[in-house]
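A quick write-up on the structure given underneath.
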Amino acid sequence: MKKVAIEKAFTLIEPSPVVLVTTYDGKKNNIMTISWITVKEFTPEFILVTGPWNYSFHALVKSQECVIAIPSIDLSEKTVKIGACSGSDTDKFEKFELTAVKAESVEAPLIKECIANIECRVTEYIRKHNIFILRGTNAWTDAKRKNRKTFHAVGDGTFIADGRKINHRKIMISKIPEGV
Ligand SMILES: Cc1cc2nc3c(=O)[nH]c(=O)nc-3n(C[C@H](O)[C@H](O)[C@H](O)COP(=O)(O)O)c2cc1C
């Protein structure tokens, strides 16, 4: 085996798919791109990493809510561009021609062009680690969408597209929930 710089070890473990996170700070809607997000067990809880260097961070702290919008591979370029500019000086819904849809339980909007959206409330913020714990309050999926492939950030500017789905349900020991 060839040694890998420990600072780059994270690129060996790809995280959850790249997602968009919308917020509403009381004045305007905003969107940011997030690759550091993971599910917490089978609970409707999610762990997201961001900090005060982003405009969205302040909206998250102020409103204590957000929407996790999941883009499919066809939105990959737009998603990266959304993560390369700031809501402090850009209306990202307008610039990237995305449609804000009213959510049911939070003020932050759903994104119509995404394959799924999860409305969330912040339950905890761990400042030391820039970690937000989110609890899902409502989840939506666009059941009509055929292309449901998401994409994953390696962390070096490259991305991995979802591939073939493999079904190992029969050999799983624990009871697992049905997929959507
Ligand atoms: C592919 C990709 C993944 C990103 N993942 C994260 C992340 O997990 N956490 C984070 O704080 N910023 C992440 N960013 C950077 C933010 O999306 C970026 O700073 C964004 O412009 C913030 O927008 P805002 O200032 O409007 O909140 C990512 C950017 C890209 C392009």
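For the structure tokens, the naming scheme is as follows: chains receive sequential letters (A, B, ...) according to their order of presentation, residues are indexed from 1 within each chain, and ligands are indexed from 1 in presentation order.
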
Kindly compile the residues surrounding ligand 1 within 6 Å, counting only C-alpha atoms and all ligand atoms, and format them as a CSV table (one decimal) with C-alpha atoms, in the first residue's frame.
chain,number,residue,atom,x,y,z
A,31,ILE,CA,-29.0,28.2,-0.9
A,32,MET,CA,-25.7,26.7,-0.1
A,33,THR,CA,-23.9,23.5,-1.3
A,34,ILE,CA,-23.0,20.9,1.3
A,35,SER,CA,-21.0,17.7,1.0
A,36,TRP,CA,-20.3,17.3,4.7
A,49,VAL,CA,-21.0,20.8,9.0
A,50,THR,CA,-20.7,24.5,8.3
A,51,GLY,CA,-19.4,27.6,10.0
A,54,ASN,CA,-20.9,31.1,5.2
A,55,TYR,CA,-23.9,33.5,4.9
A,56,SER,CA,-26.2,30.4,5.4
A,80,VAL,CA,-21.0,23.4,-7.6
A,83,GLY,CA,-21.3,26.6,-3.6
A,84,ALA,CA,-18.9,29.0,-5.3
A,85,CYS,CA,-20.8,32.2,-4.5
A,86,SER,CA,-22.5,33.8,-1.5
A,87,GLY,CA,-26.0,34.8,-0.6
A,153,ALA,CA,-17.9,14.9,-3.7

**OP:** Tell me, as a list in words, which residues lie within 6 Å of Cys66 (chain A), counting only C-alpha atoms; anything in the same chain fewer than 6 positions away does not count.
**Re:**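 Near neighbours after the sequence-gap exclusion: Thr22, Thr23, Ala108 and Cys120 of chain A.
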
Just N, CA and C atoms for this one: save the residues we selected as a JSON list (two decimals), in the first residue's frame.
[["chain", "number", "residue", "atom", "x", "y", "z"],
["A", 22, "THR", "N", -31.26, 25.00, 1.92],
["A", 22, "THR", "CA", -31.88, 26.33, 1.81],
["A", 22, "THR", "C", -32.16, 26.88, 3.21],
["A", 23, "THR", "N", -32.10, 28.20, 3.29],
["A", 23, "THR", "CA", -32.41, 28.88, 4.56],
["A", 23, "THR", "C", -33.22, 30.14, 4.25],
["A", 108, "ALA", "N", -37.90, 28.14, 5.43],
["A", 108, "ALA", "CA", -36.96, 27.90, 4.33],
["A", 108, "ALA", "C", -37.70, 27.14, 3.23],
["A", 120, "CYS", "N", -36.19, 20.63, 7.96],
["A", 120, "CYS", "CA", -35.47, 20.31, 9.21],
["A", 120, "CYS", "C", -35.47, 21.45, 10.21]]

Residues within 9 Å of Glu65 (chain A), only C-alpha atoms, excluding chain neighbours under 4 positions, as a PDB file with N, CA and C atoms, in the first residue's frame:
ATOM      1  N   THR A  23     -32.100  28.197   3.287  1.00  0.00           N
ATOM      2  CA  THR A  23     -32.407  28.879   4.558  1.00  0.00           C
ATOM      3  C   THR A  23     -33.220  30.138   4.245  1.00  0.00           C
ATOM      4  N   TYR A  24     -33.881  30.636   5.274  1.00  0.00           N
ATOM      5  CA  TYR A  24     -34.586  31.928   5.184  1.00  0.00           C
ATOM      6  C   TYR A  24     -34.249  32.672   6.471  1.00  0.00           C
ATOM      7  N   ALA A  59     -28.038  32.430   8.972  1.00  0.00           N
ATOM      8  CA  ALA A  59     -29.483  32.182   8.819  1.00  0.00           C
ATOM      9  C   ALA A  59     -29.890  30.933   9.602  1.00  0.00           C
ATOM     10  N   LEU A  60     -29.029  29.923   9.575  1.00  0.00           N
ATOM     11  CA  LEU A  60     -29.304  28.681  10.328  1.00  0.00           C
ATOM     12  C   LEU A  60     -29.382  28.962  11.826  1.00  0.00           C
ATOM     13  N   VAL A  61     -28.423  29.738  12.310  1.00  0.00           N
ATOM     14  CA  VAL A  61     -28.381  30.055  13.747  1.00  0.00           C
ATOM     15  C   VAL A  61     -29.604  30.894  14.127  1.00  0.00           C
ATOM     16  N   VAL A 106     -41.464  24.679   7.892  1.00  0.00           N
ATOM     17  CA  VAL A 106     -40.376  25.654   8.082  1.00  0.00           C
ATOM     18  C   VAL A 106     -40.541  26.783   7.070  1.00  0.00           C
ATOM     19  N   GLU A 107     -39.866  27.917   7.346  1.00  0.00           N
ATOM     20  CA  GLU A 107     -39.939  29.061   6.429  1.00  0.00           C
ATOM     21  C   GLU A 107     -38.983  28.900   5.249  1.00  0.00           C
ATOM     22  N   ALA A 108     -37.898  28.140   5.432  1.00  0.00           N
ATOM     23  CA  ALA A 108     -36.956  27.902   4.330  1.00  0.00           C
ATOM     24  C   ALA A 108     -37.697  27.135   3.227  1.00  0.00           C
ATOM     25  N   GLU A 119     -37.502  18.936   5.191  1.00  0.00           N
ATOM     26  CA  GLU A 119     -37.626  20.105   6.070  1.00  0.00           C
ATOM     27  C   GLU A 119     -37.010  19.740   7.417  1.00  0.00           C
ATOM     28  N   CYS A 120     -36.189  20.633   7.960  1.00  0.00           N
ATOM     29  CA  CYS A 120     -35.471  20.305   9.206  1.00  0.00           C
ATOM     30  C   CYS A 120     -35.468  21.446  10.207  1.00  0.00           C
ATOM     31  N   ARG A 121     -35.401  21.066  11.474  1.00  0.00           N
ATOM     32  CA  ARG A 121     -35.169  22.021  12.563  1.00  0.00           C
ATOM     33  C   ARG A 121     -33.822  21.705  13.207  1.00  0.00           C
ATOM     34  N   VAL A 122     -33.118  22.762  13.609  1.00  0.00           N
ATOM     35  CA  VAL A 122     -31.840  22.572  14.306  1.00  0.00           C
ATOM     36  C   VAL A 122     -32.153  22.139  15.728  1.00  0.00           C
ATOM     37  N   LEU A 134     -29.626  18.201  12.915  1.00  0.00           N
ATOM     38  CA  LEU A 134     -30.938  18.587  12.364  1.00  0.00           C
ATOM     39  C   LEU A 134     -31.929  17.460  12.560  1.00  0.00           C
TER      40      LEU A 134
END

Original post:
region 157-166 of chain A: which residues within 12 Å, counting only C-alpha atoms, same-chain residues fewer than 4 positions away excluded, as a PyMOL selection string?
Top reply: chain A and resi 11+13-18+35+71-77+79-80+83-84+147-153+170+179

**OP:** Determine the nearest neighbour of Val21 (chain A) from the options A:Lys62, A:Arg145, A:Lys92, A:Arg127, counting only C-alpha atoms.
**Re:**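 Answer, going by the shortest atom-to-atom distance: A:Lys92.
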
**OP:** Using backbone DSSP assignments, extract all alpha helix (DSSP H) residues from region 67-155 of chain A; output them as a PyMOL selection string.
**Re:** chain A and resi 76-82+92-95

**OP:** Would you mind telling me which residue in A:Thr90, A:Asn30, A:Thr137, A:Thr99 lies nearest to His58 (chain A) when using only C-alpha atoms?
**Re:** A:Asn30

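Running DSSP on the backbone gives strand (DSSP E) for these residues within region 58-123 of chain A: Glu65, Cys66, Val67, Ile68, Ala69, Ile70, Ala100, Val101, Leu110, Ile111, Ala116, Asn117, Ile118, Glu119, Cys120, Arg121, Val122 and Thr123 of chain A.
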